[in-house]
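K.L.:
One file: entry38.cif (mmCIF, C-alpha atoms and all ligand atoms).
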data_target
loop_
_atom_site.group_PDB
_atom_site.id
_atom_site.type_symbol
_atom_site.label_atom_id
_atom_site.label_comp_id
_atom_site.auth_asym_id
_atom_site.auth_seq_id
_atom_site.Cartn_x
_atom_site.Cartn_y
_atom_site.Cartn_z
ATOM 1 C CA MET R 1 107.302 105.065 97.789
ATOM 2 C CA SER R 2 104.130 106.627 96.397
ATOM 3 C CA ALA R 3 100.699 105.390 97.441
ATOM 4 C CA ASP R 4 100.031 104.262 93.856
ATOM 5 C CA ILE R 5 103.071 102.005 93.807
ATOM 6 C CA SER R 6 102.475 100.581 97.273
ATOM 7 C CA ASP R 7 98.882 99.835 96.220
ATOM 8 C CA THR R 8 100.145 97.625 93.408
ATOM 9 C CA PHE R 9 102.334 95.758 95.906
ATOM 10 C CA VAL R 10 99.428 95.313 98.300
ATOM 11 C CA GLN R 11 97.527 93.742 95.417
ATOM 12 C CA GLN R 12 100.508 91.609 94.396
ATOM 13 C CA LEU R 13 101.123 90.416 97.965
ATOM 14 C CA GLN R 14 97.443 89.725 98.546
ATOM 15 C CA GLN R 15 97.408 87.682 95.340
ATOM 16 C CA MET R 16 100.480 85.765 96.543
ATOM 17 C CA ARG R 17 98.772 85.153 99.886
ATOM 18 C CA THR R 18 95.685 83.833 98.079
ATOM 19 C CA ASP R 19 97.896 81.524 96.003
ATOM 20 C CA VAL R 20 99.804 80.202 99.022
ATOM 21 C CA LEU R 21 96.571 79.593 100.926
ATOM 22 C CA ALA R 22 95.174 77.754 97.919
ATOM 23 C CA GLN R 23 98.334 75.625 97.775
ATOM 24 C CA LEU R 24 98.060 74.838 101.479
ATOM 25 C CA ARG R 25 94.436 73.850 101.062
ATOM 26 C CA ALA R 26 95.283 71.708 98.041
ATOM 27 C CA GLN R 27 98.089 69.974 99.945
ATOM 28 C CA ARG R 28 95.957 69.274 102.986
ATOM 29 C CA GLY R 29 93.095 68.005 100.863
ATOM 30 C CA GLY R 30 95.486 66.365 98.408
ATOM 31 C CA LYS R 31 97.039 64.017 100.956
ATOM 32 C CA ILE R 32 93.966 61.826 100.887
ATOM 33 C CA GLY R 33 93.927 61.870 97.097
ATOM 34 C CA ARG R 34 97.555 60.778 96.851
ATOM 35 C CA ALA R 35 97.055 58.041 99.429
ATOM 36 C CA GLU R 36 94.017 56.779 97.569
ATOM 37 C CA ALA R 37 96.023 56.791 94.354
ATOM 38 C CA ALA R 38 98.497 54.531 96.134
ATOM 39 C CA GLY R 39 95.563 52.313 97.100
ATOM 40 C CA ASP R 40 97.602 49.114 97.028
ATOM 41 C CA ARG R 41 99.524 50.433 100.036
ATOM 42 C CA TYR R 42 96.491 51.734 101.861
ATOM 43 C CA ASP R 43 94.522 49.344 104.011
ATOM 44 C CA VAL R 44 90.970 50.424 103.228
ATOM 45 C CA GLN R 45 89.398 48.023 105.742
ATOM 46 C CA SER R 46 91.248 49.258 108.817
ATOM 47 C CA GLY R 47 91.795 52.772 107.496
ATOM 48 C CA ASP R 48 95.397 52.462 108.602
ATOM 49 C CA TRP R 49 97.341 55.606 107.796
ATOM 50 C CA ALA R 50 100.440 54.760 109.836
ATOM 51 C CA GLN R 51 102.323 53.468 106.826
ATOM 52 C CA PHE R 52 102.138 56.867 105.200
ATOM 53 C CA ASP R 53 104.446 58.564 107.657
ATOM 54 C CA GLY R 54 106.907 59.402 104.899
ATOM 55 C CA GLU R 55 104.252 61.037 102.814
ATOM 56 C CA ARG R 56 102.866 62.892 105.809
ATOM 57 C CA ASP R 57 106.345 64.166 106.686
ATOM 58 C CA LEU R 58 106.791 65.408 103.146
ATOM 59 C CA ALA R 59 103.403 67.120 103.235
ATOM 60 C CA MET R 60 104.311 68.723 106.564
ATOM 61 C CA ALA R 61 107.639 69.953 105.215
ATOM 62 C CA ILE R 62 105.850 71.566 102.271
ATOM 63 C CA ASP R 63 103.305 72.928 104.717
ATOM 64 C CA GLN R 64 106.037 74.566 106.787
ATOM 65 C CA ARG R 65 107.602 76.171 103.727
ATOM 66 C CA GLU R 66 104.235 77.573 102.637
ATOM 67 C CA THR R 67 103.518 78.777 106.156
ATOM 68 C CA ALA R 68 106.888 80.570 106.276
ATOM 69 C CA GLU R 69 106.092 82.175 102.921
ATOM 70 C CA LEU R 70 102.723 83.227 104.256
ATOM 71 C CA LYS R 71 104.406 84.862 107.265
ATOM 72 C CA ALA R 72 106.817 86.734 104.976
ATOM 73 C CA ILE R 73 103.877 88.012 102.919
ATOM 74 C CA GLU R 74 102.022 89.100 106.066
ATOM 75 C CA ALA R 75 105.163 90.865 107.310
ATOM 76 C CA GLU R 76 105.488 92.795 104.042
ATOM 77 C CA LEU R 77 101.801 93.769 104.097
ATOM 78 C CA ASP R 78 102.424 95.006 107.632
ATOM 79 C CA ARG R 79 105.447 97.004 106.455
ATOM 80 C CA ILE R 80 103.316 98.601 103.723
ATOM 81 C CA ALA R 81 100.676 99.496 106.318
ATOM 82 C CA HIS R 82 103.386 101.191 108.409
ATOM 83 C CA GLY R 83 104.890 102.944 105.413
ATOM 84 C CA ASP R 84 108.302 101.287 105.609
ATOM 85 C CA TYR R 85 107.864 98.796 102.790
ATOM 86 C CA GLY R 86 110.581 98.797 100.153
ATOM 87 C CA LEU R 87 113.337 99.921 102.492
ATOM 88 C CA CYS R 88 116.349 97.660 102.889
ATOM 89 C CA SER R 89 116.221 96.059 106.333
ATOM 90 C CA ASP R 90 120.026 96.271 106.600
ATOM 91 C CA CYS R 91 121.042 99.659 105.196
ATOM 92 C CA GLY R 92 117.697 101.468 104.852
ATOM 93 C CA VAL R 93 117.987 102.499 101.193
ATOM 94 C CA ASP R 94 114.996 102.255 98.862
ATOM 95 C CA ILE R 95 114.940 98.830 97.228
ATOM 96 C CA PRO R 96 114.480 99.314 93.452
ATOM 97 C CA VAL R 97 110.834 98.857 92.457
ATOM 98 C CA ALA R 98 111.829 96.388 89.713
ATOM 99 C CA ARG R 99 113.462 94.190 92.366
ATOM 100 C CA LEU R 100 110.335 94.372 94.524
ATOM 101 C CA HIS R 101 108.170 93.427 91.566
ATOM 102 C CA ALA R 102 110.363 90.392 90.930
ATOM 103 C CA ASN R 103 110.342 89.427 94.588
ATOM 104 C CA PRO R 104 107.769 91.330 96.671
ATOM 105 C CA THR R 105 108.864 89.711 99.933
ATOM 106 C CA THR R 106 112.513 90.685 99.605
ATOM 107 C CA MET R 107 113.721 92.671 102.600
ATOM 108 C CA ARG R 108 117.154 93.743 101.388
ATOM 109 C CA CYS R 109 118.690 95.737 98.546
ATOM 110 C CA ILE R 110 120.827 93.731 96.122
ATOM 111 C CA GLY R 111 124.105 94.731 97.788
ATOM 112 C CA CYS R 112 122.977 93.699 101.271
ATOM 113 C CA GLN R 113 121.327 90.526 99.942
ATOM 114 C CA GLU R 114 124.585 89.478 98.286
ATOM 115 C CA ARG R 115 126.535 90.251 101.445
ATOM 116 C CA ALA R 116 124.049 88.278 103.545
ATOM 117 C CA GLU R 117 124.221 85.319 101.155
ATOM 118 C CA ARG R 118 128.017 85.354 101.151
ATOM 119 C CA SER R 119 128.179 85.463 104.932
ATOM 120 C CA SER R 120 125.588 82.708 105.353
ATOM 121 C CA GLY R 121 127.134 80.580 102.608
ATOM 122 C CA GLU R 122 123.830 80.648 100.788
ATOM 123 C CA THR R 123 124.396 80.682 97.041
ATOM 124 C CA ARG R 124 120.911 80.291 95.646
ATOM 125 C CA PRO R 125 118.989 83.486 94.907
ATOM 126 C CA LYS R 126 116.106 84.053 97.300
ATOM 127 C CA LEU R 127 112.870 83.334 95.441
HETATM 128 ZN ZN ZN R 201 120.867 97.416 101.781
#
Take the structure from the file and write it as structure tokens.

P.N.:
Amino acid sequence: MSADISDTFVQQLQQMRTDVLAQLRAQRGGKIGRAEAAGDRYDVQSGDWAQFDGERDLAMAIDQRETAELKAIEAELDRIAHGDYGLCSDCGVDIPVARLHANPTTMRCIGCQERAERSSGETRPKL
């Protein structure tokens, strides 16, 4: 992959990282906002948050997904830095640039991705 092309992916991945971080910040800050919106369930006097376990769990689950995404982005930035970005992690061929543009954190070529999804029983496309 040429330096020009990998530069555009660095920019794309850095933009994705910025977006994910912004989402994480919004979620962490947003918990209070949502709880306040549900003010009839929130005991303002005692400041009791215990009844919001369900909401906290949901926020944590979203948090974990975003954190995993962040790790994938960091891993790809690392691969670019080491010059092995865009190579299929399974068979080592160059992943088509169009596929990388559509999904910059993909680690496999289409053939290997489909094989991996079949073997894992995963039917949804990796986003
Ligand atoms: Zn492959």

K.L.:
May I ask for the distance between atom CA of Ala26 of chain R and atom CA of Ala102 of chain R, given in Å to one decimal place?

P.N.:
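We find that atom CA of Ala26 of chain R and atom CA of Ala102 of chain R lie 25.0 Å from each other.
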
K.L.:
Within 12 Å of Val10 of chain R, counting only C-alpha atoms, which residues qualify if same-chain residues fewer than 4 places away don't, as a list in words?

P.N.:
Ala3, Asp4, Ile5, Ser6, Gln14, Gln15, Met16, Arg17, Ile73, Glu74, Ala75, Glu76, Leu77, Asp78, Arg79, Ile80, Ala81, Gly83, Tyr85, Gly86, Leu100, His101, Pro104 and Thr105 of chain R

K.L.:
Can you give me, as a list in words, the residues this file yields under the PyMOL selection byres (((chain R and resi 90) around 8) and not hetatm)?

P.N.:
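Applying the expression gives Cys88, Ser89, Cys91, Gly92, Arg108 and Cys112 of chain R.
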
K.L.:
So what do you get for atom CA of Gln113 of chain R versus atom CA of Glu69 of chain R, distance-wise?

P.N.:
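These two atoms are separated by 17.6 Å.
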
K.L.:
For atom ZN of ligand ZN 201 (chain R) and atom CA of Thr67 of chain R, determine how far apart the two atoms are, in Å to one decimal place.

P.N.:
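It comes out at 25.8 Å.
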
K.L.:
Nearest residue to ligand ZN 201 (chain R) out of R:Val93, R:Ala59, R:Ala116, R:Thr106, using all atoms listed in the file?

P.N.:
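Nearest to ligand ZN 201 (chain R): R:Val93.
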
K.L.:
Can you pull out the residues contacting Asp63 of chain R? Cut-off 9 Å, using only C-alpha atoms, and skip same-chain residues under 5 positions away; I want them as a PyMOL selection string.

P.N.:
chain R and resi 23-24+27-28+58+68

K.L.:
Between R:Ala98, R:Leu87, R:Leu21, R:Met1, which residue has the minimum interatomic distance to ligand ZN 201 (chain R), considering all atoms listed in the file?

P.N.:
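Of the candidates, the smallest distance to ligand ZN 201 (chain R) is held by R:Leu87.
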
K.L.:
Which one of R:Gly54, R:Cys109, R:Leu70, R:Phe9 sits closest to Ala22 of chain R if you count only C-alpha atoms?

P.N.:
R:Leu70

K.L.:
Given the choices R:Asp84, R:Asn103, R:Ala72, R:Arg115, which gets closest to Ser2 of chain R if the distance is worked out from only C-alpha atoms?

P.N.:
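Comparing R:Asp84, R:Asn103, R:Ala72, R:Arg115 against Ser2 of chain R, the winner is R:Asp84.
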